[in-house]
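The structure appears below as structure tokens.
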Amino acid sequence: RTALTQARATYLLDLKQQNELVGNARRAVGAAEQQLADDQDALAAAQKALTAAQQAGDAAAITAQQTTISRLQTSVATDQTTIASAKNSLSQAEQARDKTLLADRHAIQTQQGQVSAAEDSLASQKAQRASNQQPARRGAIDSAQAQIDKAEVSVEQAEQAVENTTVRAPVAGTVAAVAAVVGQSSPSSSTGTSGSTNSGTSGTSGTSGTAAGSGSNSSSAMITIVDKKAMQLSAAVAEADIVKVSVGQSASVTLPASGKTLSGKVTSVAAQSTVSNNVVQYDVAVSLPTADSSVRLGQTGNVTITTRSHANVLYVPTSAITTTGTVTTVTRRVDRVDSTVQVETGLVGSTGTEIVRGLSLGDEVVLPTGDSTGSFTFPGAGRSASPGRSTSSGGGR
């Protein structure tokens, strides 16, 4: 009975809501038709005024009325388009109302049948129990009671079936997709969660958020909900660089669409490789601890992972270093005289290389021909804090 009452209440609620939607659509049609009538009346008046201005030979008035007529003609055309769109919306609202109410009536009929059948069965079992009590064997009484219990379970199951028609989100978030349509049956009452496992190449990555769906699994969910507060990127890193990547390392993500650069951390490194275009790669997940409203799911970005860093070190552009066998040298310029100096290098970054021994603060180093800078001079005060950073980048979508 509770299920039947709930089904009837749902019908009344849907009837009210759908009638309101249809009423709104009809009012929109009426408003659009009234606007068209007003614009047509104004157009007729402007055409009459134009005729009078032409007869009077008033050039300024003629120009003004021609402008007004052109504007009103455009308004009339727009009004006609608006009316067509409003009528289409009205038709869709009426069809949606009919579908929804038909499904509600069907649900009421189904529950009425189930409740009636359960009540008949319960009444029959109670009558059987009463008959067995005058006097009856204990076994017969127990059997009748078991049948009554079974009938009561059937009633509870029918009521639970109606309760399960309400879809509830398992998590808080933003609705990203709705696959369900009016009248469709829910696959089941289970829920599923999933995250992005996008993959690809070219130094880019795809953004994703935690997702949850109501259905038999996340791929067949009726409604998909995402938690945009927990954004993650999936990047593909080449096997030559993956040995330098580990969980907890800092990363920066640049989004080409907005030009923004966000900070993140490596949260997982795949143990199993994937092969794309004969290139062995490993999936690396990078989380963004702070959600940014400009970041959208599925965006691509360039990921740079800081695998090691040295602060306050001497460094030169990597292009200034020459290595022959085991000997590493640079060209130092003193009083416009160049000489080759053997150096010991440390950490190699994306554009600069750490100098451990062989050069001093303030030395001028000659860059190879073709480099637009020509030469490089160490900063005159203190040691550089930025160059000694080794990076590894990779990506996917």
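Each chain in the structure tokens gets a letter, A, B and so on, in the order shown; residues start at 1 in every chain, and ligands are counted from 1 in the order they appear.
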Taking only residues of stretch 146-189 of chain A that have an atom at most 9 Å from an atom of stretch 92-116 of chain A, what is each one's shortest atom pair and its distance in Å to one decimal, using only C-alpha atoms, in chain and number order, as a tab-separated table?
```
residue	atom	partner	partner_atom	distance
A:Ser154	CA	A:Gln114	CA	8.8
A:Val155	CA	A:Val115	CA	6.7
A:Ala158	CA	A:Gln114	CA	6.8
A:Glu159	CA	A:Gln111	CA	8.2
A:Val162	CA	A:Gln111	CA	8.0
A:Val182	CA	A:Thr100	CA	6.3
A:Gly183	CA	A:Ala103	CA	5.7
```
A:Glu156 surroundings by only C-alpha atoms, 10 Å radius, close-in-sequence under 2 positions cut, as a list in words
Arg1, Thr2, Ala3, Val115, Ala118, Lys150, Ala151, Glu152, Val153, Ser154, Ala158, Glu159, Gln160 and Ala161 of chain A
So the first atom is atom CA of A:Gln281 and the second is atom CA of A:Glu239; what is the distance between them in Å, to one decimal place?
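Separation of atom CA of A:Gln281 and atom CA of A:Glu239: 5.4 Å.
The space between atom CA of A:Gln40 and atom CA of A:Ser75 spans 8.9 Å.
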Work out how far apart atom CA of A:Val266 and atom CA of A:Gly248 are and give it in Å to one decimal.
5.2 Å
Contact check, stretch 304-324 of chain A to stretch 346-352 of chain A, at most 7 Å, counting only C-alpha atoms, closest pairs as a Markdown table:
```
| residue | atom | partner | partner_atom | distance |
| --- | --- | --- | --- | --- |
| A:Tyr315 | CA | A:Gly352 | CA | 6.2 |
| A:Val316 | CA | A:Gly352 | CA | 5.5 |
| A:Pro317 | CA | A:Gly352 | CA | 4.3 |
| A:Thr318 | CA | A:Gly352 | CA | 4.8 |
```
Export, as an mmCIF file, in the first residue's frame, the selected residues with C-alpha atoms.
```cif
data_model
loop_
_atom_site.group_PDB
_atom_site.id
_atom_site.type_symbol
_atom_site.label_atom_id
_atom_site.label_comp_id
_atom_site.auth_asym_id
_atom_site.auth_seq_id
_atom_site.Cartn_x
_atom_site.Cartn_y
_atom_site.Cartn_z
ATOM 1 C CA TYR A 315 75.446 26.851 -14.302
ATOM 2 C CA VAL A 316 75.930 27.553 -18.003
ATOM 3 C CA PRO A 317 73.696 26.941 -20.998
ATOM 4 C CA THR A 318 74.115 23.316 -22.040
#
```
Find the residues around stretch 60-73 of chain A up to 12 Å (only C-alpha atoms counted), leave out those fewer than 3 positions away in its own chain, and share them as JSON, numbers by chain.
{"A": [35, 36, 37, 38, 39, 40, 41, 42, 43, 44, 45, 46, 47, 48, 49, 50, 51, 52, 53, 54, 55, 56, 57, 76, 77, 78, 79, 80]}
Take the selection from the previous step and output its residues with N, CA and C atoms, as a PDB file, in the first residue's frame.
```pdb
ATOM      1  N   GLN A  35       4.083  39.807 -29.935  1.00  0.00           N
ATOM      2  CA  GLN A  35       5.193  40.653 -30.386  1.00  0.00           C
ATOM      3  C   GLN A  35       5.182  40.802 -31.905  1.00  0.00           C
ATOM      4  N   LEU A  36       4.848  39.695 -32.616  1.00  0.00           N
ATOM      5  CA  LEU A  36       4.770  39.761 -34.078  1.00  0.00           C
ATOM      6  C   LEU A  36       3.664  40.718 -34.500  1.00  0.00           C
ATOM      7  N   ALA A  37       2.514  40.638 -33.826  1.00  0.00           N
ATOM      8  CA  ALA A  37       1.410  41.530 -34.177  1.00  0.00           C
ATOM      9  C   ALA A  37       1.796  42.993 -33.947  1.00  0.00           C
ATOM     10  N   ASP A  38       2.475  43.253 -32.823  1.00  0.00           N
ATOM     11  CA  ASP A  38       2.887  44.622 -32.529  1.00  0.00           C
ATOM     12  C   ASP A  38       3.865  45.135 -33.588  1.00  0.00           C
ATOM     13  N   ASP A  39       4.837  44.285 -33.968  1.00  0.00           N
ATOM     14  CA  ASP A  39       5.827  44.699 -34.970  1.00  0.00           C
ATOM     15  C   ASP A  39       5.177  44.898 -36.335  1.00  0.00           C
ATOM     16  N   GLN A  40       4.177  44.048 -36.674  1.00  0.00           N
ATOM     17  CA  GLN A  40       3.487  44.217 -37.962  1.00  0.00           C
ATOM     18  C   GLN A  40       2.682  45.520 -37.982  1.00  0.00           C
ATOM     19  N   ASP A  41       2.042  45.841 -36.849  1.00  0.00           N
ATOM     20  CA  ASP A  41       1.304  47.117 -36.776  1.00  0.00           C
ATOM     21  C   ASP A  41       2.267  48.291 -36.919  1.00  0.00           C
ATOM     22  N   ALA A  42       3.433  48.200 -36.241  1.00  0.00           N
ATOM     23  CA  ALA A  42       4.414  49.277 -36.332  1.00  0.00           C
ATOM     24  C   ALA A  42       4.954  49.392 -37.752  1.00  0.00           C
ATOM     25  N   LEU A  43       5.136  48.242 -38.429  1.00  0.00           N
ATOM     26  CA  LEU A  43       5.629  48.254 -39.812  1.00  0.00           C
ATOM     27  C   LEU A  43       4.615  48.917 -40.736  1.00  0.00           C
ATOM     28  N   ALA A  44       3.328  48.611 -40.548  1.00  0.00           N
ATOM     29  CA  ALA A  44       2.298  49.227 -41.380  1.00  0.00           C
ATOM     30  C   ALA A  44       2.265  50.741 -41.165  1.00  0.00           C
ATOM     31  N   ALA A  45       2.424  51.159 -39.899  1.00  0.00           N
ATOM     32  CA  ALA A  45       2.420  52.586 -39.612  1.00  0.00           C
ATOM     33  C   ALA A  45       3.628  53.269 -40.245  1.00  0.00           C
ATOM     34  N   ALA A  46       4.794  52.602 -40.206  1.00  0.00           N
ATOM     35  CA  ALA A  46       6.003  53.186 -40.793  1.00  0.00           C
ATOM     36  C   ALA A  46       5.878  53.293 -42.303  1.00  0.00           C
ATOM     37  N   GLN A  47       5.274  52.269 -42.922  1.00  0.00           N
ATOM     38  CA  GLN A  47       5.091  52.320 -44.380  1.00  0.00           C
ATOM     39  C   GLN A  47       4.134  53.455 -44.766  1.00  0.00           C
ATOM     40  N   LYS A  48       3.115  53.664 -43.930  1.00  0.00           N
ATOM     41  CA  LYS A  48       2.182  54.770 -44.187  1.00  0.00           C
ATOM     42  C   LYS A  48       2.897  56.113 -44.041  1.00  0.00           C
ATOM     43  N   ALA A  49       3.768  56.219 -43.006  1.00  0.00           N
ATOM     44  CA  ALA A  49       4.519  57.458 -42.804  1.00  0.00           C
ATOM     45  C   ALA A  49       5.502  57.697 -43.949  1.00  0.00           C
ATOM     46  N   LEU A  50       6.066  56.610 -44.494  1.00  0.00           N
ATOM     47  CA  LEU A  50       6.994  56.747 -45.625  1.00  0.00           C
ATOM     48  C   LEU A  50       6.264  57.292 -46.840  1.00  0.00           C
ATOM     49  N   THR A  51       5.072  56.774 -47.053  1.00  0.00           N
ATOM     50  CA  THR A  51       4.289  57.264 -48.207  1.00  0.00           C
ATOM     51  C   THR A  51       4.010  58.762 -48.051  1.00  0.00           C
ATOM     52  N   ALA A  52       3.650  59.181 -46.832  1.00  0.00           N
ATOM     53  CA  ALA A  52       3.364  60.593 -46.599  1.00  0.00           C
ATOM     54  C   ALA A  52       4.617  61.437 -46.801  1.00  0.00           C
ATOM     55  N   ALA A  53       5.776  60.921 -46.333  1.00  0.00           N
ATOM     56  CA  ALA A  53       7.022  61.673 -46.499  1.00  0.00           C
ATOM     57  C   ALA A  53       7.401  61.787 -47.959  1.00  0.00           C
ATOM     58  N   GLN A  54       7.155  60.713 -48.729  1.00  0.00           N
ATOM     59  CA  GLN A  54       7.462  60.757 -50.168  1.00  0.00           C
ATOM     60  C   GLN A  54       6.574  61.769 -50.877  1.00  0.00           C
ATOM     61  N   GLN A  55       5.331  61.789 -50.477  1.00  0.00           N
ATOM     62  CA  GLN A  55       4.417  62.763 -51.102  1.00  0.00           C
ATOM     63  C   GLN A  55       4.822  64.189 -50.739  1.00  0.00           C
ATOM     64  N   ALA A  56       5.328  64.375 -49.506  1.00  0.00           N
ATOM     65  CA  ALA A  56       5.732  65.714 -49.077  1.00  0.00           C
ATOM     66  C   ALA A  56       7.127  66.080 -49.567  1.00  0.00           C
ATOM     67  N   GLY A  57       7.857  65.108 -50.088  1.00  0.00           N
ATOM     68  CA  GLY A  57       9.217  65.371 -50.574  1.00  0.00           C
ATOM     69  C   GLY A  57      10.208  65.629 -49.446  1.00  0.00           C
ATOM     70  N   VAL A  76      10.154  41.516 -37.643  1.00  0.00           N
ATOM     71  CA  VAL A  76       9.056  40.620 -38.015  1.00  0.00           C
ATOM     72  C   VAL A  76       9.603  39.231 -38.347  1.00  0.00           C
ATOM     73  N   ALA A  77      10.712  39.206 -39.127  1.00  0.00           N
ATOM     74  CA  ALA A  77      11.317  37.917 -39.472  1.00  0.00           C
ATOM     75  C   ALA A  77      11.791  37.189 -38.219  1.00  0.00           C
ATOM     76  N   THR A  78      12.388  37.955 -37.311  1.00  0.00           N
ATOM     77  CA  THR A  78      12.850  37.347 -36.050  1.00  0.00           C
ATOM     78  C   THR A  78      11.665  36.826 -35.235  1.00  0.00           C
ATOM     79  N   ASP A  79      10.568  37.613 -35.196  1.00  0.00           N
ATOM     80  CA  ASP A  79       9.376  37.187 -34.457  1.00  0.00           C
ATOM     81  C   ASP A  79       8.819  35.891 -35.026  1.00  0.00           C
ATOM     82  N   GLN A  80       8.812  35.773 -36.362  1.00  0.00           N
ATOM     83  CA  GLN A  80       8.290  34.554 -36.984  1.00  0.00           C
ATOM     84  C   GLN A  80       9.144  33.344 -36.611  1.00  0.00           C
TER      85      GLN A  80
END
```
Find the spatial neighbours of A:Asp149, counting only C-alpha atoms, within a cut-off of 12 Å - ignore same-chain residues fewer than 6 positions away - and output them as a list in words.
Ala118, Ser121, Leu122, Gln125, Lys126, Arg129, Asp142, Ser143, Val155 and Glu156 of chain A
Filtering to all heavy atoms, could you give me those residues as a JSON list (two decimals), in the first residue's frame?
```json
[["chain", "number", "residue", "atom", "x", "y", "z"],
["A", 118, "ALA", "N", -0.94, -9.44, -3.58],
["A", 118, "ALA", "CA", -0.35, -9.73, -2.27],
["A", 118, "ALA", "C", -1.44, -9.79, -1.19],
["A", 118, "ALA", "O", -1.40, -10.65, -0.30],
["A", 118, "ALA", "CB", 0.68, -8.67, -1.92],
["A", 121, "SER", "N", -3.37, -13.02, -1.59],
["A", 121, "SER", "CA", -2.58, -14.14, -1.08],
["A", 121, "SER", "C", -2.54, -14.15, 0.44],
["A", 121, "SER", "O", -2.66, -15.20, 1.09],
["A", 121, "SER", "CB", -1.16, -14.06, -1.66],
["A", 121, "SER", "OG", -0.35, -15.10, -1.15],
["A", 122, "LEU", "N", -2.38, -12.93, 1.03],
["A", 122, "LEU", "CA", -2.34, -12.84, 2.49],
["A", 122, "LEU", "C", -3.67, -13.26, 3.10],
["A", 122, "LEU", "O", -3.72, -13.99, 4.10],
["A", 122, "LEU", "CB", -2.00, -11.40, 2.89],
["A", 122, "LEU", "CG", -1.90, -11.12, 4.39],
["A", 122, "LEU", "CD1", -0.83, -11.99, 5.03],
["A", 122, "LEU", "CD2", -1.64, -9.64, 4.64],
["A", 125, "GLN", "N", -4.02, -17.02, 2.94],
["A", 125, "GLN", "CA", -3.18, -17.72, 3.91],
["A", 125, "GLN", "C", -3.73, -17.56, 5.33],
["A", 125, "GLN", "O", -3.66, -18.50, 6.13],
["A", 125, "GLN", "CB", -1.75, -17.17, 3.84],
["A", 125, "GLN", "CG", -1.07, -17.40, 2.50],
["A", 125, "GLN", "CD", -1.11, -18.84, 2.05],
["A", 125, "GLN", "OE1", -0.98, -19.76, 2.87],
["A", 125, "GLN", "NE2", -1.32, -19.05, 0.76],
["A", 126, "LYS", "N", -4.26, -16.37, 5.64],
["A", 126, "LYS", "CA", -4.87, -16.19, 6.96],
["A", 126, "LYS", "C", -6.08, -17.10, 7.14],
["A", 126, "LYS", "O", -6.32, -17.67, 8.22],
["A", 126, "LYS", "CB", -5.26, -14.73, 7.15],
["A", 126, "LYS", "CG", -4.08, -13.80, 7.38],
["A", 126, "LYS", "CD", -4.54, -12.38, 7.58],
["A", 126, "LYS", "CE", -3.35, -11.46, 7.86],
["A", 126, "LYS", "NZ", -3.78, -10.04, 8.07],
["A", 129, "ARG", "N", -4.89, -20.53, 7.76],
["A", 129, "ARG", "CA", -4.40, -20.69, 9.12],
["A", 129, "ARG", "C", -5.56, -20.83, 10.11],
["A", 129, "ARG", "O", -5.52, -21.65, 11.05],
["A", 129, "ARG", "CB", -3.54, -19.48, 9.51],
["A", 129, "ARG", "CG", -2.92, -19.60, 10.90],
["A", 129, "ARG", "CD", -2.05, -18.42, 11.23],
["A", 129, "ARG", "NE", -2.85, -17.19, 11.34],
["A", 129, "ARG", "CZ", -2.34, -16.02, 11.71],
["A", 129, "ARG", "NH1", -1.05, -15.91, 11.98],
["A", 129, "ARG", "NH2", -3.12, -14.95, 11.77],
["A", 142, "ASP", "N", 2.31, -24.57, 10.99],
["A", 142, "ASP", "CA", 3.61, -24.00, 10.64],
["A", 142, "ASP", "C", 3.72, -23.74, 9.13],
["A", 142, "ASP", "O", 4.29, -22.73, 8.69],
["A", 142, "ASP", "CB", 4.74, -24.94, 11.09],
["A", 142, "ASP", "CG", 4.83, -25.03, 12.61],
["A", 142, "ASP", "OD1", 4.31, -24.11, 13.28],
["A", 142, "ASP", "OD2", 5.42, -26.00, 13.11],
["A", 143, "SER", "N", 3.19, -24.66, 8.36],
["A", 143, "SER", "CA", 3.24, -24.49, 6.91],
["A", 143, "SER", "C", 2.44, -23.28, 6.47],
["A", 143, "SER", "O", 2.87, -22.49, 5.62],
["A", 143, "SER", "CB", 2.70, -25.75, 6.22],
["A", 143, "SER", "OG", 2.66, -25.58, 4.82],
["A", 155, "VAL", "N", 5.01, -8.60, -0.51],
["A", 155, "VAL", "CA", 4.52, -7.22, -0.41],
["A", 155, "VAL", "C", 5.68, -6.26, -0.17],
["A", 155, "VAL", "O", 5.76, -5.19, -0.80],
["A", 155, "VAL", "CB", 3.47, -7.11, 0.72],
["A", 155, "VAL", "CG1", 3.08, -5.65, 0.93],
["A", 155, "VAL", "CG2", 2.23, -7.94, 0.39],
["A", 156, "GLU", "N", 6.59, -6.62, 0.73],
["A", 156, "GLU", "CA", 7.74, -5.76, 1.02],
["A", 156, "GLU", "C", 8.61, -5.59, -0.21],
["A", 156, "GLU", "O", 9.14, -4.51, -0.48],
["A", 156, "GLU", "CB", 8.55, -6.36, 2.17],
["A", 156, "GLU", "CG", 7.83, -6.34, 3.51],
["A", 156, "GLU", "CD", 8.64, -7.01, 4.61],
["A", 156, "GLU", "OE1", 9.73, -7.54, 4.30],
["A", 156, "GLU", "OE2", 8.18, -7.00, 5.77]]
```
